[in-house]
>>> print(open('data-v4.cif').read())   # mmCIF, C-alpha atoms
data_input
#
loop_
_atom_site.label_atom_id
_atom_site.label_comp_id
_atom_site.auth_asym_id
_atom_site.auth_seq_id
_atom_site.Cartn_x
_atom_site.Cartn_y
_atom_site.Cartn_z
CA MET A 1 5.61 -35.80 -10.74
CA THR A 2 2.25 -37.55 -10.73
CA GLY A 3 -1.15 -35.99 -11.23
CA SER A 4 -2.16 -36.17 -7.57
CA ASN A 5 1.10 -34.49 -6.53
CA LEU A 6 0.47 -31.73 -9.01
CA PHE A 7 -3.03 -31.33 -7.63
CA ARG A 8 -1.66 -31.12 -4.08
CA LEU A 9 0.83 -28.51 -5.17
CA GLY A 10 -1.90 -26.41 -6.76
CA VAL A 11 -4.10 -26.66 -3.66
CA SER A 12 -1.24 -25.65 -1.37
CA PHE A 13 -0.45 -22.61 -3.56
CA ILE A 14 -4.07 -21.48 -3.48
CA MET A 15 -4.25 -22.02 0.29
CA TYR A 16 -1.14 -19.93 0.84
CA LEU A 17 -2.58 -17.18 -1.37
CA ILE A 18 -5.90 -17.12 0.49
CA ILE A 19 -4.25 -17.10 3.92
CA GLN A 20 -1.85 -14.35 2.88
CA VAL A 21 -4.48 -12.09 1.36
CA PHE A 22 -7.27 -12.61 3.88
CA VAL A 23 -5.40 -12.93 7.15
CA LEU A 24 -1.71 -12.05 7.07
CA LYS A 25 -1.97 -8.93 4.91
CA ASP A 26 -3.22 -6.82 7.80
CA LEU A 27 -1.10 -8.53 10.41
CA VAL A 28 1.92 -6.33 11.02
CA LEU A 29 3.43 -6.67 14.48
CA PHE A 30 4.66 -3.43 16.07
CA GLY A 31 4.35 -1.71 12.71
CA ASP A 32 7.53 -3.43 11.54
CA ALA A 33 7.28 -7.21 11.47
CA PHE A 34 5.50 -8.30 8.28
CA CYS A 35 4.64 -11.90 7.58
CA PHE A 36 5.16 -13.07 4.01
CA LEU A 37 4.27 -16.68 4.63
CA TYR A 38 3.52 -17.22 0.94
CA VAL A 39 7.21 -17.52 0.08
CA TYR A 40 7.09 -20.93 1.76
CA ALA A 41 4.75 -22.11 -0.96
CA ILE A 42 7.74 -21.77 -3.29
CA LEU A 43 10.31 -23.03 -0.80
CA LEU A 44 8.39 -26.20 0.02
CA VAL A 45 7.66 -27.56 -3.46
CA PRO A 46 9.28 -30.98 -4.06
CA LEU A 47 12.99 -30.91 -4.83
CA GLU A 48 12.66 -32.34 -8.32
CA ILE A 49 10.96 -29.21 -9.73
CA LYS A 50 13.31 -27.41 -12.07
CA THR A 51 14.28 -23.76 -11.83
CA VAL A 52 12.41 -22.56 -14.95
CA PRO A 53 8.87 -23.68 -13.98
CA LEU A 54 9.60 -22.64 -10.40
CA MET A 55 10.49 -19.11 -11.51
CA LEU A 56 7.33 -18.86 -13.60
CA LEU A 57 5.29 -20.05 -10.61
CA GLY A 58 7.09 -17.57 -8.36
CA PHE A 59 6.50 -14.72 -10.76
CA LEU A 60 2.79 -15.54 -10.95
CA MET A 61 2.57 -15.77 -7.17
CA GLY A 62 4.39 -12.46 -6.78
CA LEU A 63 2.09 -10.77 -9.27
CA VAL A 64 -1.02 -11.90 -7.42
CA MET A 65 0.48 -10.57 -4.18
CA ASP A 66 1.35 -7.29 -5.89
CA VAL A 67 -2.22 -6.88 -7.05
CA PHE A 68 -3.56 -7.20 -3.52
CA TYR A 69 -0.80 -5.23 -1.80
CA ASP A 70 -0.79 -2.46 -4.47
CA THR A 71 2.96 -2.89 -4.80
CA PRO A 72 3.49 -3.47 -8.53
CA GLY A 73 6.45 -5.72 -9.27
CA MET A 74 7.91 -5.62 -5.77
CA HIS A 75 6.75 -9.03 -4.61
CA ALA A 76 7.33 -10.44 -8.09
CA ALA A 77 10.95 -9.26 -8.13
CA GLY A 78 11.54 -10.87 -4.73
CA THR A 79 9.90 -14.20 -5.49
CA VAL A 80 11.64 -14.59 -8.86
CA LEU A 81 14.98 -13.99 -7.16
CA LEU A 82 14.03 -16.54 -4.50
CA ALA A 83 12.99 -19.14 -7.08
CA PHE A 84 16.16 -18.57 -9.08
CA LEU A 85 18.39 -19.13 -6.06
CA ARG A 86 16.46 -22.05 -4.57
CA ASN A 87 17.81 -24.98 -6.56
CA PRO A 88 21.48 -23.95 -6.44
CA TRP A 89 21.12 -23.37 -2.69
CA ILE A 90 19.57 -26.82 -2.24
CA LYS A 91 22.53 -28.29 -4.13
CA VAL A 92 24.95 -26.50 -1.81
CA ASN A 93 23.11 -27.85 1.21
CA THR A 94 23.07 -31.52 0.10
CA PRO A 95 23.32 -33.74 3.17
CA ARG A 96 25.46 -36.86 3.22
CA GLY A 97 23.72 -39.56 1.21
CA GLY A 98 21.83 -37.11 -1.01
CA TYR A 99 18.12 -36.35 -1.18
CA ASP A 100 15.12 -38.62 -1.66
CA ASP A 101 13.20 -37.76 -4.78
CA ASN A 102 9.76 -36.21 -4.68
CA VAL A 103 9.88 -35.24 -1.03
CA PRO A 104 8.92 -31.72 -0.03
CA PRO A 105 11.78 -30.15 1.94
CA THR A 106 9.68 -29.47 5.03
CA LEU A 107 10.79 -29.16 8.63
CA LEU A 108 9.57 -32.63 9.57
CA ASN A 109 11.10 -34.36 6.57
CA MET A 110 14.52 -32.76 6.74
CA GLY A 111 15.02 -31.77 10.37
CA LEU A 112 15.30 -28.40 12.07
CA ALA A 113 18.97 -27.72 11.34
CA TRP A 114 18.75 -28.38 7.62
CA SER A 115 15.44 -26.58 7.29
CA THR A 116 16.77 -23.48 9.01
CA ALA A 117 19.96 -23.45 6.95
CA TYR A 118 17.88 -23.82 3.81
CA THR A 119 15.00 -21.37 4.37
CA LEU A 120 16.42 -18.58 6.52
CA PRO A 121 18.97 -17.17 4.01
CA LEU A 122 16.48 -17.40 1.14
CA VAL A 123 13.74 -15.67 3.12
CA LEU A 124 16.27 -13.03 4.15
CA ILE A 125 17.15 -12.39 0.50
CA HIS A 126 13.48 -12.11 -0.48
CA HIS A 127 12.64 -9.71 2.35
CA THR A 128 15.74 -7.60 1.76
CA CYS A 129 14.82 -7.30 -1.91
CA PHE A 130 11.22 -6.33 -1.10
CA PHE A 131 11.92 -3.76 1.61
CA TYR A 132 14.91 -2.30 -0.24
CA ILE A 133 12.65 -1.52 -3.21
CA ASP A 134 10.03 -0.15 -0.83
CA PHE A 135 12.54 2.21 0.80
CA MET A 136 14.01 3.38 -2.50
CA GLY A 137 13.60 7.10 -3.05
CA THR A 138 13.20 7.84 0.64
CA SER A 139 15.88 8.11 3.26
CA PHE A 140 17.50 4.87 4.33
CA SER A 141 17.86 4.36 8.03
CA HIS A 142 18.32 1.69 10.65
CA SER A 143 14.56 1.10 10.55
CA LEU A 144 15.07 -0.73 7.24
CA VAL A 145 17.35 -3.25 8.95
CA ILE A 146 14.97 -3.65 11.89
CA ARG A 147 12.08 -4.15 9.52
CA ILE A 148 13.88 -6.80 7.44
CA LEU A 149 15.16 -8.77 10.42
CA SER A 150 11.92 -8.71 12.40
CA SER A 151 9.94 -9.73 9.31
CA VAL A 152 12.29 -12.62 8.57
CA LEU A 153 11.96 -13.82 12.13
CA PHE A 154 8.16 -13.53 12.10
CA THR A 155 7.82 -15.32 8.77
CA TYR A 156 10.22 -18.06 9.84
CA VAL A 157 8.51 -18.75 13.18
CA LEU A 158 5.02 -18.78 11.69
CA ALA A 159 6.17 -21.03 8.85
CA ALA A 160 7.71 -23.45 11.35
CA ILE A 161 4.41 -23.62 13.24
CA VAL A 162 2.46 -24.14 10.02
CA GLN A 163 4.78 -26.94 8.95
CA LEU A 164 4.49 -28.68 12.32
CA LEU A 165 0.71 -28.44 12.31
CA PHE A 166 -0.35 -28.98 8.72
CA TYR A 167 2.33 -31.09 7.05
CA THR A 168 2.79 -34.78 7.64
CA LYS A 169 6.09 -36.57 7.47
CA LYS A 170 7.40 -37.86 4.14
CA LYS A 171 4.16 -37.34 2.30
CA GLY A 172 3.68 -33.77 1.27
CA ILE A 173 0.59 -32.17 2.68
CA MET B 1 25.22 -21.65 -34.78
CA GLN B 2 24.22 -24.87 -33.10
CA ARG B 3 26.71 -24.22 -30.35
CA ILE B 4 25.26 -20.78 -29.72
CA VAL B 5 21.79 -22.27 -29.42
CA LEU B 6 23.08 -24.99 -27.11
CA PHE B 7 24.87 -22.42 -25.01
CA LEU B 8 21.76 -20.27 -24.76
CA TYR B 9 19.73 -23.35 -23.86
CA SER B 10 22.17 -24.22 -21.10
CA ILE B 11 21.71 -20.81 -19.47
CA ARG B 12 17.94 -20.64 -20.09
CA ALA B 13 17.19 -20.34 -16.37
CA PHE B 14 19.38 -17.28 -16.08
CA ILE B 15 17.90 -15.68 -19.20
CA LEU B 16 14.39 -16.24 -17.86
CA PHE B 17 15.48 -14.84 -14.50
CA VAL B 18 16.79 -11.65 -16.08
CA GLY B 19 13.68 -11.35 -18.25
CA LEU B 20 11.23 -11.71 -15.34
CA GLU B 21 13.20 -9.30 -13.17
CA LEU B 22 13.20 -6.75 -15.97
CA ILE B 23 9.42 -7.05 -16.23
CA ALA B 24 9.16 -6.52 -12.47
CA VAL B 25 11.45 -3.48 -12.56
CA TRP B 26 9.50 -2.06 -15.49
CA MET B 27 6.31 -2.41 -13.46
CA ILE B 28 7.85 -0.74 -10.41
CA LEU B 29 9.07 2.21 -12.46
CA ASN B 30 5.84 2.62 -14.41
CA TYR B 31 3.39 2.40 -11.58
CA ASN B 32 3.48 5.97 -10.38
CA SER B 33 2.94 7.43 -13.81
CA ARG B 34 -0.67 8.40 -14.21
CA GLN B 35 -1.58 6.52 -17.38
CA GLY B 36 -0.81 3.18 -15.75
CA ALA B 37 -3.02 3.90 -12.80
CA VAL B 38 -5.58 1.16 -13.29
CA PHE B 39 -3.30 -1.49 -14.70
CA LEU B 40 -2.97 -4.55 -12.51
CA ASN B 41 -3.83 -3.22 -9.10
CA SER B 42 -6.36 -3.67 -6.37
CA SER B 43 -9.09 -1.70 -8.13
CA GLY B 44 -9.41 -4.27 -10.90
CA GLN B 45 -12.75 -6.02 -11.31
CA LEU B 46 -11.84 -9.43 -9.84
CA THR B 47 -9.49 -8.27 -7.09
CA GLY B 48 -11.90 -5.50 -6.19
CA SER B 49 -14.75 -7.91 -5.66
CA ILE B 50 -12.56 -10.28 -3.63
CA LEU B 51 -11.45 -7.43 -1.38
CA HIS B 52 -15.05 -6.29 -1.11
CA THR B 53 -16.13 -9.73 0.13
CA ARG B 54 -13.30 -9.76 2.62
CA ASP B 55 -14.27 -6.33 3.88
CA ASN B 56 -17.91 -7.32 4.21
CA LEU B 57 -16.86 -10.14 6.52
CA LEU B 58 -14.54 -8.00 8.61
CA GLU B 59 -16.85 -5.00 8.82
CA TYR B 60 -18.98 -6.53 11.56
CA PHE B 61 -16.12 -6.25 14.00
CA TYR B 62 -15.90 -2.50 13.50
CA LEU B 63 -19.59 -1.57 13.42
CA GLY B 64 -19.47 0.09 16.84
CA GLY B 65 -16.69 2.45 15.83
CA ILE B 66 -18.32 3.18 12.46
CA ASN B 67 -21.59 4.14 14.13
CA GLU B 68 -19.83 6.41 16.56
CA ALA B 69 -18.05 8.21 13.73
CA LEU B 70 -21.31 8.68 11.84
CA ILE B 71 -23.06 10.10 14.88
CA GLU B 72 -20.19 12.49 15.46
CA LYS B 73 -20.30 13.68 11.88
CA ASN B 74 -24.07 14.04 12.02
CA ALA B 75 -23.90 16.14 15.14
CA ARG B 76 -21.37 18.46 13.59
CA LEU B 77 -23.45 18.83 10.43
CA LEU B 78 -26.58 19.59 12.44
CA LYS B 79 -24.73 22.33 14.24
CA ARG B 80 -23.58 23.87 10.98
CA LEU B 81 -27.06 23.62 9.52
CA GLU B 82 -28.34 25.54 12.50
CA ASN B 83 -25.83 28.31 11.85
CA LEU B 84 -26.59 28.44 8.16
CA SER B 85 -30.35 28.69 8.29
CA PRO B 86 -31.30 32.40 7.99
CA ALA B 87 -32.54 34.09 11.08
CA GLY B 88 -36.12 35.36 10.85
CA ASP B 89 -35.55 39.02 11.54
CA THR B 90 -32.68 39.92 9.21
CA THR B 91 -32.69 40.61 5.50
CA TYR B 92 -31.67 37.56 3.53
CA PHE B 93 -31.03 37.26 -0.20
CA GLU B 94 -31.04 33.79 -1.58
CA LEU B 95 -28.30 33.57 -4.20
CA ASP B 96 -28.68 31.57 -7.35
CA SER B 97 -27.46 28.10 -6.42
CA VAL B 98 -25.20 27.97 -9.49
CA PHE B 99 -22.91 30.49 -7.86
CA ALA B 100 -23.16 29.17 -4.37
CA HIS B 101 -22.62 25.57 -5.36
CA LYS B 102 -18.97 24.73 -5.68
CA PHE B 103 -18.30 21.32 -4.18
CA ASP B 104 -19.98 17.96 -4.77
CA PHE B 105 -19.76 15.22 -2.17
CA TRP B 106 -19.92 11.45 -2.44
CA SER B 107 -19.48 8.67 0.08
CA ALA B 108 -17.67 5.37 -0.31
CA LYS B 109 -16.35 2.46 1.68
CA VAL B 110 -12.68 1.59 2.08
CA ILE B 111 -12.13 -2.05 1.13
CA ASN B 112 -8.35 -2.16 1.08
CA ASN B 113 -5.84 -0.12 3.01
CA SER B 114 -2.18 -0.24 3.90
CA LEU B 115 -0.15 1.95 6.20
CA HIS B 116 3.15 0.25 6.84
CA LEU B 117 4.84 0.58 3.47
CA ARG B 118 6.43 3.72 2.07
CA GLN B 119 3.93 4.02 -0.76
CA ASN B 120 0.48 3.32 0.55
CA TYR B 121 -2.76 3.14 -1.40
CA LEU B 122 -6.41 2.59 -0.58
CA THR B 123 -9.15 0.97 -2.60
CA LEU B 124 -12.72 2.27 -2.49
CA SER B 125 -15.90 0.37 -3.28
CA LYS B 126 -17.21 2.90 -5.79
CA GLY B 127 -16.01 3.69 -9.28
CA ARG B 128 -16.81 5.42 -12.53
CA ARG B 129 -20.34 4.04 -12.66
CA GLN B 130 -21.13 5.68 -9.31
CA GLY B 131 -19.69 9.03 -10.40
CA ILE B 132 -16.18 8.85 -8.96
CA ARG B 133 -13.54 10.56 -11.07
CA GLU B 134 -9.78 10.96 -10.95
CA GLY B 135 -8.50 13.85 -8.89
CA MET B 136 -11.25 13.86 -6.27
CA GLY B 137 -10.22 14.52 -2.69
CA VAL B 138 -10.88 11.88 -0.03
CA PHE B 139 -11.49 12.64 3.65
CA ASN B 140 -13.55 11.49 6.61
CA GLU B 141 -14.90 13.10 9.75
CA GLN B 142 -11.40 13.14 11.27
CA GLY B 143 -9.47 14.70 8.42
CA VAL B 144 -7.82 14.37 5.02
CA ILE B 145 -7.07 10.89 3.69
CA GLY B 146 -5.83 11.22 0.11
CA ARG B 147 -6.69 11.72 -3.52
CA VAL B 148 -8.21 9.46 -6.19
CA THR B 149 -5.59 8.43 -8.76
CA GLY B 150 -7.32 5.69 -10.72
CA VAL B 151 -10.90 4.67 -11.40
CA SER B 152 -12.27 1.43 -12.81
CA THR B 153 -15.94 0.65 -13.44
CA ASN B 154 -16.84 -0.19 -9.86
CA PHE B 155 -13.74 0.59 -7.79
CA ALA B 156 -11.35 3.45 -7.25
CA LYS B 157 -7.73 3.60 -6.18
CA VAL B 158 -6.67 6.35 -3.81
CA ILE B 159 -3.15 7.56 -3.16
CA SER B 160 -3.01 7.81 0.62
CA LEU B 161 -1.64 10.78 2.53
CA LEU B 162 0.74 8.09 3.76
CA HIS B 163 2.55 8.14 0.42
CA THR B 164 5.88 9.90 0.21
CA ASP B 165 5.02 11.55 -3.13
CA LEU B 166 1.73 13.21 -2.19
CA LEU B 167 1.78 16.88 -1.24
CA ILE B 168 -1.30 18.51 0.21
CA SER B 169 -1.63 22.27 0.08
CA SER B 170 -2.28 23.28 3.67
CA LYS B 171 -2.29 26.23 6.01
CA ILE B 172 -1.84 26.86 9.68
CA LYS B 173 -5.26 27.86 10.90
CA ARG B 174 -4.02 30.47 13.34
CA GLY B 175 -2.44 33.16 11.19
CA GLY B 176 -3.21 31.48 7.87
CA VAL B 177 0.36 30.70 6.82
CA ILE B 178 0.46 28.59 3.66
CA ALA B 179 2.50 25.39 3.65
CA SER B 180 2.58 21.87 2.24
CA THR B 181 2.08 18.62 4.09
CA ARG B 182 4.09 15.60 3.08
CA TRP B 183 4.64 12.24 4.78
CA ASP B 184 8.26 11.32 5.41
CA GLY B 185 7.64 7.58 5.59
CA VAL B 186 8.71 7.07 9.19
CA ASP B 187 5.63 7.02 11.40
CA SER B 188 2.08 6.46 10.17
CA LYS B 189 0.80 9.01 12.71
CA LYS B 190 3.09 11.91 11.83
CA ALA B 191 4.08 13.98 8.81
CA LYS B 192 6.21 17.01 7.94
CA LEU B 193 4.90 20.50 7.27
CA LEU B 194 7.09 22.01 4.57
CA TYR B 195 7.90 25.53 3.38
CA VAL B 196 7.03 27.46 6.53
CA PRO B 197 9.41 30.46 6.60
CA ARG B 198 11.53 31.05 9.68
CA HIS B 199 9.99 34.34 10.68
CA VAL B 200 6.57 32.77 11.21
CA GLU B 201 5.60 32.13 14.79
CA VAL B 202 4.40 28.57 15.09
CA GLU B 203 3.34 26.95 18.31
CA VAL B 204 2.90 23.34 19.29
CA GLY B 205 -0.81 22.57 19.24
CA ASP B 206 -1.71 24.77 16.27
CA THR B 207 -4.17 23.18 13.87
CA VAL B 208 -3.24 22.57 10.23
CA VAL B 209 -6.07 22.50 7.69
CA THR B 210 -6.38 22.35 3.91
CA SER B 211 -5.82 25.70 2.25
CA GLY B 212 -8.38 25.49 -0.52
CA PHE B 213 -5.81 26.97 -2.92
CA ASN B 214 -5.68 23.97 -5.19
CA ALA B 215 -8.83 22.53 -6.67
CA THR B 216 -8.86 19.23 -4.77
CA PHE B 217 -10.10 20.08 -1.30
CA PRO B 218 -12.36 22.80 0.03
CA GLU B 219 -10.85 25.05 2.65
CA GLY B 220 -10.68 24.02 6.26
CA ILE B 221 -10.61 20.22 6.35
CA HIS B 222 -8.39 19.08 9.17
CA ILE B 223 -5.00 17.56 8.42
CA GLY B 224 -3.18 17.53 11.72
CA ILE B 225 -1.99 19.23 14.86
CA ILE B 226 1.54 20.58 15.17
CA ASP B 227 3.56 18.31 17.37
CA GLU B 228 7.10 19.62 17.16
CA VAL B 229 8.82 22.76 15.86
CA ASN B 230 12.57 22.78 15.22
CA GLU B 231 15.01 25.17 13.59
CA GLY B 232 16.08 22.45 11.16
CA GLU B 233 19.03 22.31 8.81
CA GLU B 234 17.56 24.33 5.97
CA THR B 235 18.29 28.02 6.17
CA ASN B 236 14.94 29.34 5.02
CA TYR B 237 12.34 27.05 6.48
CA LEU B 238 11.34 25.63 9.82
CA ASP B 239 11.35 21.89 10.44
CA ILE B 240 7.81 21.16 11.62
CA THR B 241 6.29 17.81 12.52
CA LEU B 242 2.54 17.42 12.71
CA GLU B 243 0.39 14.65 14.05
CA PHE B 244 -2.46 13.51 11.78
CA THR B 245 -5.96 13.96 13.09
CA THR B 246 -6.97 11.00 10.93
CA ASP B 247 -6.41 7.54 12.31
CA PHE B 248 -5.34 5.69 9.16
CA SER B 249 -5.52 2.30 10.83
CA LYS B 250 -9.29 2.54 11.28
CA LEU B 251 -10.72 3.76 8.00
CA SER B 252 -14.16 2.49 7.08
CA TYR B 253 -16.48 4.99 5.40
CA VAL B 254 -15.04 8.04 3.68
CA TYR B 255 -16.29 11.09 1.81
CA LEU B 256 -15.16 12.21 -1.63
CA VAL B 257 -15.24 15.79 -2.77
CA GLU B 258 -15.06 17.26 -6.23
CA ASN B 259 -14.71 20.90 -7.08
CA SER B 260 -17.27 21.52 -9.80
CA MET B 261 -15.21 24.47 -11.01
CA ARG B 262 -12.00 22.49 -11.13
CA LEU B 263 -11.77 22.54 -14.93
CA GLU B 264 -12.14 26.30 -15.04
CA LEU B 265 -9.61 26.80 -12.25
CA ASP B 266 -7.10 24.43 -13.85
CA SER B 267 -7.35 26.02 -17.27
CA LEU B 268 -6.97 29.48 -15.76
CA ASN B 269 -3.92 28.34 -13.87
CA SER B 270 -2.31 26.79 -16.91
CA GLU B 271 -3.10 29.82 -19.07
CA THR B 272 -1.40 32.10 -16.62
CA ASN B 273 1.40 29.62 -15.89
CA ILE B 274 0.53 29.32 -12.24
CA LEU B 275 1.17 25.88 -10.85
CA PRO B 276 -0.98 24.85 -7.94
CA ASN B 277 1.46 24.28 -5.14
CA ASP B 278 0.92 20.58 -4.74
CA GLY B 279 2.32 19.78 -8.13
CA GLN B 280 -0.28 17.64 -9.84
#
>>> encode(input="data-v4.cif", output="structure tokens")
Amino acid sequence: MTGSNLFRLGVSFIMYLIIQVFVLKDLVLFGDAFCFLYVYAILLVPLEIKTVPLMLLGFLMGLVMDVFYDTPGMHAAGTVLLAFLRNPWIKVNTPRGGYDDNVPPTLLNMGLAWSTAYTLPLVLIHHTCFFYIDFMGTSFSHSLVIRILSSVLFTYVLAAIVQLLFYTKKKGI
Amino acid sequence: MQRIVLFLYSIRAFILFVGLELIAVWMILNYNSRQGAVFLNSSGQLTGSILHTRDNLLEYFYLGGINEALIEKNARLLKRLENLSPAGDTTYFELDSVFAHKFDFWSAKVINNSLHLRQNYLTLSKGRRQGIREGMGVFNEQGVIGRVTGVSTNFAKVISLLHTDLLISSKIKRGGVIASTRWDGVDSKKAKLLYVPRHVEVEVGDTVVTSGFNATFPEGIHIGIIDEVNEGEETNYLDITLEFTTDFSKLSYVYLVENSMRLELDSLNSETNILPNDGQ
């Protein structure tokens, strides 16, 4: 990983943080569909990043989110879980011929089918973790399921649009 | 020994994973305890100022509504002032203001608010330096909002009425029946009114206000309007749903209230083993 790549990674993390805190935090469709776009900052780092630094990054990211959402530890728990599962899940999803090194696994680089198979389950796990903790101590109901599914869908669609608009092919951002 | 180290090294990712998750769980469990109130949350110095900047930018879009609310509050206060000023032809004793004065009021601006989670908090733009203290009640011209749980130098964190742990001592205005209001986490416009005995006659449309029995709020601040009355499953109490008079999605400026006799009231209560009926 070269210096300029590292710089790009840092900039993209900060951009995701700013967008999440300033814009998406108050954007909740129909009172149920949340948008946690920031998880894509972790999902879209180049494949060569190892699990340990990724988890530390995820934990930091989650903590910052927790500070702004007033949800101590909830985002952090979700993002650490996501970061822990990312690399094994990428290994499971290896296409024929393997991966190119140092390529961010974005929609344009990897194609719609692979990207969906890669991100959707991980986002689902993150959201389930977050909303499950949020609902703990109160009565569970079908609204938990609705909330998780609608949020996953919202996050996924918005992330797809962001990747189409702001990422270029084969080159990171 | 070397093999143990090598083994531990080979599962370092998992160990780190467990460690970080434990930290997260520890934070989740500790957050609602009172001593941790201003540890790593939105009323910290840096996050507070970031949220303040954000709110300053967004405020312009809501100025119309804010002005309307202020005018409404002003009009109501003028009317009360009119009623309070002594008429010229009756005898009037002015009491010493020490006895008459019971509540202090402050104002503040909401810079962070959430209403879609189960545990919602607000952040206010004033803190210890401006005289805000823990335990103050928060309300606006529409009704009750919450209670201050943590104060930093320039910001304060408020536990919202939209938090499933907060109980507000309330009463039904018509008839004066005492009850408690608690949010059930389902709809950000509705809450449950607890501990109303079955023999009480309650009608849809009755107003629910603060009781003034605990030291947080003065008597008579609006909480909600009764929306639904059911028999419920519990044998002793009615199952009552009320609709908040406060619109939590549009909070801008709020008022804080402190009972200047709170200390005396609390110490009397604890001496005589009476717990105020909202717990904390």
>>> resolve_selection(input="data-v4.cif", expression="the PyMOL selection byres ((chain A) within 7 of (chain B))", output="ChimeraX atom specification")
/A:22,31,51-52,67-68,70,72-74,76-77,80,84,134-135
>>> write_last_selection(input="data-v4.cif", atoms="C-alpha atoms", output="PDB file, in the frame of the given file")
ATOM      1  CA  PHE A  22      -7.270 -12.610   3.880  1.00  0.00           C
ATOM      2  CA  GLY A  31       4.350  -1.710  12.710  1.00  0.00           C
ATOM      3  CA  THR A  51      14.280 -23.760 -11.830  1.00  0.00           C
ATOM      4  CA  VAL A  52      12.410 -22.560 -14.950  1.00  0.00           C
ATOM      5  CA  VAL A  67      -2.220  -6.880  -7.050  1.00  0.00           C
ATOM      6  CA  PHE A  68      -3.560  -7.200  -3.520  1.00  0.00           C
ATOM      7  CA  ASP A  70      -0.790  -2.460  -4.470  1.00  0.00           C
ATOM      8  CA  PRO A  72       3.490  -3.470  -8.530  1.00  0.00           C
ATOM      9  CA  GLY A  73       6.450  -5.720  -9.270  1.00  0.00           C
ATOM     10  CA  MET A  74       7.910  -5.620  -5.770  1.00  0.00           C
ATOM     11  CA  ALA A  76       7.330 -10.440  -8.090  1.00  0.00           C
ATOM     12  CA  ALA A  77      10.950  -9.260  -8.130  1.00  0.00           C
ATOM     13  CA  VAL A  80      11.640 -14.590  -8.860  1.00  0.00           C
ATOM     14  CA  PHE A  84      16.160 -18.570  -9.080  1.00  0.00           C
ATOM     15  CA  ASP A 134      10.030  -0.150  -0.830  1.00  0.00           C
ATOM     16  CA  PHE A 135      12.540   2.210   0.800  1.00  0.00           C
TER      17      PHE A 135
END
>>> atom_distance(input="data-v4.cif", atom1="CA of Lys73 in chain B", atom2="CA of Val202 in chain B")
29.0 Å
>>> residues_near_point(input="data-v4.cif", point="(17.3, -16.6, -4.7)", cutoff="12 Å", atoms="all atoms listed in the file", output="PyMOL selection string")
(chain A and resi 39+42-43+51+54-55+58+77-90+118-129) or (chain B and resi 14+17+21)
>>> resolve_selection(input="data-v4.cif", expression="the PyMOL selection byres ((chain B and resi 254-271) around 10)", output="JSON, numbers by chain")
{"B": [101, 102, 103, 104, 105, 106, 107, 108, 109, 110, 124, 132, 133, 134, 135, 136, 137, 138, 139, 140, 141, 142, 143, 144, 145, 146, 147, 148, 214, 215, 216, 217, 218, 251, 252, 253, 272, 273, 274, 275, 276]}
>>> resolve_selection(input="data-v4.cif", expression="the PyMOL selection byres ((chain A and resi 155-171) around 12)", output="PyMOL selection string")
chain A and resi 4-5+8+12+15-16+19-20+24+27-29+33-41+43-46+100-112+115-124+126-127+147-154+172-173
>>> atom_distance(input="data-v4.cif", atom1="CA of Leu9 in chain A", atom2="CA of Leu60 in chain A")
14.3 Å
>>> closest_residue(input="data-v4.cif", among="B:Ile240, B:Ile172, B:Leu81, B:Leu161", to="Arg198 in chain B", atoms="all atoms listed in the file")
B:Ile240
>>> residues_around(input="data-v4.cif", residues="Val200 in chain B", least_positions_apart="2", cutoff="12 Å", atoms="only C-alpha atoms", output="ChimeraX atom specification")
/B:172,174-179,195-198,202-203,229,231,236-240
>>> atom_distance(input="data-v4.cif", atom1="CA of Phe130 in chain A", atom2="CA of Leu144 in chain A")
10.8 Å
>>> closest_residue(input="data-v4.cif", among="B:Val208, B:Val151, B:Ala156, B:Ile111", to="Lys171 in chain B", atoms="all atoms listed in the file")
B:Val208
